[in-house]
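Scroll down for the structure; my scribbles are underneath it.
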Amino acid sequence: MFTVGSTLPDAPGRSGTIETPHGSIRTPAFIPVGTKATVKAVLPESISDLGGQAVLANAYHLYLQPGADIVEAAGGLGAFMNWHGPTFTDSGGFQVLSLGAGFKKTLAMDAVGAEADDVIAPGKDRLAHVDEDGVTFKSHLDGSKHRFTPEVSMGIQHQLGADIIFAFDELTTLMNSREYQEDSLRRTQAWAQRCLAEIERLRAAHPERPRQALFGVVQGAQHEDLRRQAARGLADLAFDGYGVGGAIEKENLGAIVRWVTDELPDDRPRHLLGIGEPEDLFAGVEAGCDTFDCVTPTRVARSSRVYSATGRYNLMVAASRRDFGPIEEGCDCYTCAHYTKAYLHHLFKANEYNAATLCSIHNERFFVRLVDSMRTAIEAGDFAALRTEWLGRYLAGQAAR
């Protein structure tokens with residue numbers, strides 16, 4: 001399923017290829033997020049045109065709407081959304097415990113000044129409750145009550161039919177106490193074993209379906225011993241790959257990811273879940289992750305923020321009103337080839353839907369191209385030079401804005 005290509009001389013970073021039933025993914029690769037079986041405001045054909053190799057959708061959202069049975073009846077996620085390449089689905093654990101938590105389920109990448117997340121304040125009520133068997137939660141859509149267990153998550157993801165799926169895990173935060181992190185890690189390890197048993201049962205019951213690869217998810221927050229313990233525990237199990245999940249301190253991202261990759265086997269792919277700023281992607285690639293997903297490119301595009309080699313900026317500023325150049329000089333995306341900042345500024349001012357579409361195309365292309373350039377640099381032996389030159393320009397431009 002995974003073949004390692006070139007490697008960095010002094011770090012775990014590498015290039016490679018993941019083989020799936022719906023095609024190959026050359027790594028490192030940025031995977032656009034299509035949470036509800038759509039990349040927001042962007043057609044699947046546009047994702048393909050901008051170089052996206054795969055898309056990632058969310059089991060929690062598709063379970064609630066339209067229902068995993070409908071996606072299954074349509075022929076699976078790819079057929080349902082008219083995407084013909086590889087697909088991922090995450091387990092739903094992140095959304096169950098973030099969208100479903102009504103109080104202080106903090107997902108920040110910085111713990112400074114934050115309060116403990118283990119105690120419910122008077123008058124507050126969590127909408128997600130964890131026990132040893134699973135999680136009971138209320139829908140963020142209508143308040144209806146639901147329950148996810150490892151077996152339920154595997155069943156939903158099996159129905160959705162993605163090529164790569166993730167084990168059900170408990171999301172912890174930088175605010176959880178050390179004691180809670182230890183209890184959670186034990187639960188997540190037990191749930192991982194149950195996920196493996198259930199997916200094997202489903203594979204045996206449906207041999208006619210393409211084999212889904214199952215990735216275990218490494219938690220442990222900011223604690224080195226817990227991250228390493230979690231990674232070793234999952235490495236001993238028969239997973240096809242691994243996800244690095246949970247809240248991660250931004251300033252220590254590279255070190256935390258490397259604690260994990262040091263303990264994982266080299267012959268299976270590693271996915272860094274939900275990380276998407278350029279400096280974080282460089283750190284993740286260098287530390288040995290192979291694929292990445294994040295909603296940031298489309299989320300910020302919908303509020304007129306776009307990326308360039310000299311930093312992120314806002315198209316709504318007055319300077320864009322009469323700027324007839326592209327978002328980024330030299331960018332090869334559809335938007336930059338056909339539209340100006342002045343036009344995009346106008347679309348946002350006029351509340352036109354095309355504004356989100358055109359800026360999302362640019363931002364997704366920016367991230368896909370950036371990680372593709374890292375892959376090329378690894379194979380050429382130029383990764384360190386690319387990182388120094390690219391981040392130097394980007395961060396300097398960002399600071400100057």
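Chain labels A, B, ... are given in the sequence in which chains occur in the structure tokens; within each chain residues are numbered consecutively from 1, and ligands are likewise numbered from 1 in the order shown.
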Per DSSP on the backbone, filter range 37-201 of chain A down to the residues in strand (DSSP E or B) and report them as number ranges by chain.
A: 39, 42, 55-58, 87-90, 128-130, 135-138, 145-148, 164-166
Show me, as a Markdown table, the residues of range 25-53 of chain A having an atom within 10 Å of range 319-341 of chain A, each with the closest atom pair and its distance in Å, using only C-alpha atoms.
```
| residue | atom | partner | partner_atom | distance |
| --- | --- | --- | --- | --- |
| A:Ser46 | CA | A:Tyr334 | CA | 8.8 |
| A:Asp49 | CA | A:Tyr334 | CA | 8.7 |
| A:Leu50 | CA | A:Cys333 | CA | 6.6 |
| A:Gly51 | CA | A:Cys333 | CA | 9.7 |
```
Interatomic distance, CA of Arg227 in chain A to CA of Ile156 in chain A (Å, one decimal):
27.6 Å
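Here the question is which of A:Ile199, A:Asn176, A:Ile18, A:Leu64 gets nearest to Lys145 in chain A using only C-alpha atoms, and that residue is A:Leu64.
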Near range 374-379 of chain A, within 10 Å and counting only C-alpha atoms, which residues show up once chain neighbours fewer than 5 positions away are dropped, as a list in words?
Gly5, Ser6, Thr7, Leu8, Pro9, Gly13, Arg14, Ser15, Gly16, Arg26, Thr27, Pro28, Ala29, Leu281, Phe282, Val285, Glu286, Asp290, Arg369, Ala384, Ala385, Leu386 and Arg387 of chain A
Can you spit out the residues from that selection as a PDB file, in the first residue's frame, using C-alpha atoms?
```pdb
ATOM      1  CA  GLY A   5      10.828   6.998  -2.094  1.00  0.00           C
ATOM      2  CA  SER A   6      13.502   9.515  -1.086  1.00  0.00           C
ATOM      3  CA  THR A   7      14.344  10.399   2.522  1.00  0.00           C
ATOM      4  CA  LEU A   8      15.829  13.411   4.277  1.00  0.00           C
ATOM      5  CA  PRO A   9      19.424  12.893   5.414  1.00  0.00           C
ATOM      6  CA  GLY A  13      10.805  13.259   6.305  1.00  0.00           C
ATOM      7  CA  ARG A  14      10.346  11.278   3.095  1.00  0.00           C
ATOM      8  CA  SER A  15       8.559  11.090  -0.219  1.00  0.00           C
ATOM      9  CA  GLY A  16       6.506   8.085  -1.184  1.00  0.00           C
ATOM     10  CA  ARG A  26       2.206  10.838  -4.208  1.00  0.00           C
ATOM     11  CA  THR A  27       3.435  12.028  -0.848  1.00  0.00           C
ATOM     12  CA  PRO A  28       3.924  14.358   0.911  1.00  0.00           C
ATOM     13  CA  ALA A  29       0.487  15.581  -0.155  1.00  0.00           C
ATOM     14  CA  LEU A 281       3.263  21.860   7.037  1.00  0.00           C
ATOM     15  CA  PHE A 282       7.034  22.278   6.716  1.00  0.00           C
ATOM     16  CA  VAL A 285       6.853  17.031   6.509  1.00  0.00           C
ATOM     17  CA  GLU A 286      10.304  17.273   8.073  1.00  0.00           C
ATOM     18  CA  ASP A 290       3.082  11.965   4.590  1.00  0.00           C
ATOM     19  CA  ARG A 369       1.358  23.320  -4.695  1.00  0.00           C
ATOM     20  CA  ALA A 384      16.406  22.396   3.714  1.00  0.00           C
ATOM     21  CA  ALA A 385      17.100  25.118   1.172  1.00  0.00           C
ATOM     22  CA  LEU A 386      13.438  25.312   0.158  1.00  0.00           C
ATOM     23  CA  ARG A 387      12.312  25.548   3.794  1.00  0.00           C
TER      24      ARG A 387
END
```
As JSON, numbers by chain, which residues of range 70-282 of chain A does DSSP assign to alpha helix (DSSP H)?
{"A": [70, 71, 72, 73, 77, 78, 79, 80, 81, 93, 94, 95, 96, 97, 98, 150, 151, 152, 153, 154, 155, 156, 157, 158, 159, 160, 178, 179, 180, 181, 182, 183, 184, 185, 186, 187, 188, 189, 190, 191, 192, 193, 194, 195, 196, 197, 198, 199, 200, 201, 202, 203, 204, 205, 224, 225, 226, 227, 228, 229, 230, 231, 232, 233, 234, 235, 253, 254, 255, 256, 257, 258, 259, 260, 261, 262, 263, 278, 279, 280, 281, 282]}
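Checking A:Gly288, A:Pro12, A:Gly76, A:Gly92 one by one against Arg209 in chain A, counting only C-alpha atoms, you find the shortest gap at A:Gly76.
With only C-alpha atoms as the atoms that count, the minimum distance from Glu198 in chain A to the choices A:Tyr180, A:Phe292, A:Phe88, A:Phe168 is reached by A:Phe168.
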Please list as a ChimeraX atom specification every residue within 9 Å of range 31-42 of chain A, counting only C-alpha atoms and excluding residues in the same chain fewer than 2 positions away.
/A:29,44-47,52-59,61-62,65-66,77-78,80-81,88-89,291-295,297-299,302,353-354,356-358,360-361,364,367-368
